[in-house]
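K.L.:
Quick one: this structure, given as structure tokens, is what I'll be asking you about.
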Amino acid sequence: AQKITQTQPGMFVQEKEAVTLDCTYDTSDQSYGLFWYKQPSSGEMIFLIYQGSYDEQNATEGRYSLNFQKARKSANLVISASQLGDSAMYFCANEGRDDKIIFGKGTRLHILP
Amino acid sequence: DAGVTQSPTHLIKTRGQQVTLRCSPKSGHDTVSWYQQALGQGPQFIFQYYEEEERQRGNFPDRFSGHQFPNYSSELNVNALLLGDSALYLCASSFWGNDEKLFFGSGTQLSVL
């Protein structure tokens, strides 16, 4: 069964600093996908970045990058030059062969001015 | 281009009642997935619909049922409501077989009293 672990319930970061949100996953599938979503207080889940298990390069989307370490089963999200609008809940998720997407419990990120 | 729309945004019911939540997918998407997000938790997968059939199901009782219509819109029905059903219910749409970028709606906040 798939499992996502996010060990940081909350983080406080100074504006303009880089921040790393941790995510480890457990899956027996050989082929899988990893996602990060942002959920502001409005409730909508906003897609940030996707990494396929066979992708050789780490995924990047603007200020977001995914530090994929397959052997360690980790998929940390790095946000460069954080902004006040980055304050939100962040969820790591895993999609396995059965196409079910399983989410972690999330990390609440607070960006301080 | 309309994104995923859900209705209603908020709903209050009492124990034992039945509820129907509605979702219209993003234009061009043919697959709808439903998630339950309890307070302080990550979204939990309920089920997924494609071609008007339930394709995948998470660990939810039969009180949770759904439907997909020919125009790809979907309904989530919950019978015999329990207090523990209080949560944010999120709908997500995608192309069948391509979950790289799930698009989520803003959700329906259900409160069961």
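Numbering starts fresh at 1 for the residues of each chain in the structure tokens, the chains themselves are lettered A, B, ... in the order given, and ligands are numbered from 1 as they appear.
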Please provide as a PyMOL selection string all residues within 12 Å of range 91-93 of chain B, with the sequence filter that same-chain residues fewer than 6 positions apart are discarded (counting only C-alpha atoms).

P.N.:
(chain A and resi 43-47+101) or (chain B and resi 3-7+9+21-37+43-50+66+68+72-76+99-109)

K.L.:
May I have the residues of chain A within 12 Å of chain B, counting only C-alpha atoms, written as a ChimeraX atom specification?

P.N.:
/A:1,3-6,9-10,32-52,89-108

K.L.:
Among range 7-104 of chain B, which residues does DSSP mark as strand (DSSP E) when it is run on the backbone? Keep the chain and numbering as in the structure and answer as a PyMOL selection string.

P.N.:
chain B and resi 7+10-13+19-24+31-37+44-50+53-57+64-68+74-78+87-95+98-104

K.L.:
Could you state the separation of CA of Leu21 in chain A and CA of Arg63 in chain A in Å, given to one decimal place?

P.N.:
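CA of Leu21 in chain A sits 13.5 Å away from CA of Arg63 in chain A.
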
K.L.:
I want to know what sits within 12 Å of Thr20 in chain A, based on only C-alpha atoms, with residues of the same chain fewer than 4 positions away left out; could you give that as a ChimeraX atom specification?

P.N.:
/A:6-8,10-13,63-67,75-82,90,107,109

K.L.:
Next, write the just-selected residues to a file, as a PDB file, in the first residue's frame, keeping C-alpha atoms as the atom set.

P.N.:
ATOM      1  CA  GLN A   6       5.290  14.664   5.894  1.00  0.00           C
ATOM      2  CA  THR A   7       7.114  15.134   9.191  1.00  0.00           C
ATOM      3  CA  GLN A   8       6.860  18.923   9.459  1.00  0.00           C
ATOM      4  CA  GLY A  10       4.368  23.622  10.505  1.00  0.00           C
ATOM      5  CA  MET A  11       7.230  25.837   9.360  1.00  0.00           C
ATOM      6  CA  PHE A  12       8.088  29.509   9.718  1.00  0.00           C
ATOM      7  CA  VAL A  13      10.371  31.047   7.100  1.00  0.00           C
ATOM      8  CA  ARG A  63      10.276  28.839  -8.183  1.00  0.00           C
ATOM      9  CA  TYR A  64       9.381  25.240  -7.329  1.00  0.00           C
ATOM     10  CA  SER A  65      11.702  22.289  -7.669  1.00  0.00           C
ATOM     11  CA  LEU A  66      11.379  18.720  -6.509  1.00  0.00           C
ATOM     12  CA  ASN A  67      14.437  17.112  -4.946  1.00  0.00           C
ATOM     13  CA  ALA A  75      10.532  13.864  -2.781  1.00  0.00           C
ATOM     14  CA  ASN A  76      11.193  17.164  -1.044  1.00  0.00           C
ATOM     15  CA  LEU A  77       9.737  20.400  -2.403  1.00  0.00           C
ATOM     16  CA  VAL A  78      12.078  23.377  -2.607  1.00  0.00           C
ATOM     17  CA  ILE A  79      10.634  26.857  -2.929  1.00  0.00           C
ATOM     18  CA  SER A  80      13.191  29.475  -3.846  1.00  0.00           C
ATOM     19  CA  ALA A  81      12.860  33.135  -2.867  1.00  0.00           C
ATOM     20  CA  SER A  82       9.747  32.646  -0.766  1.00  0.00           C
ATOM     21  CA  TYR A  90       1.398  22.027   1.241  1.00  0.00           C
ATOM     22  CA  THR A 107       2.833  20.995   6.164  1.00  0.00           C
ATOM     23  CA  LEU A 109       4.050  27.044   5.786  1.00  0.00           C
TER      24      LEU A 109
END
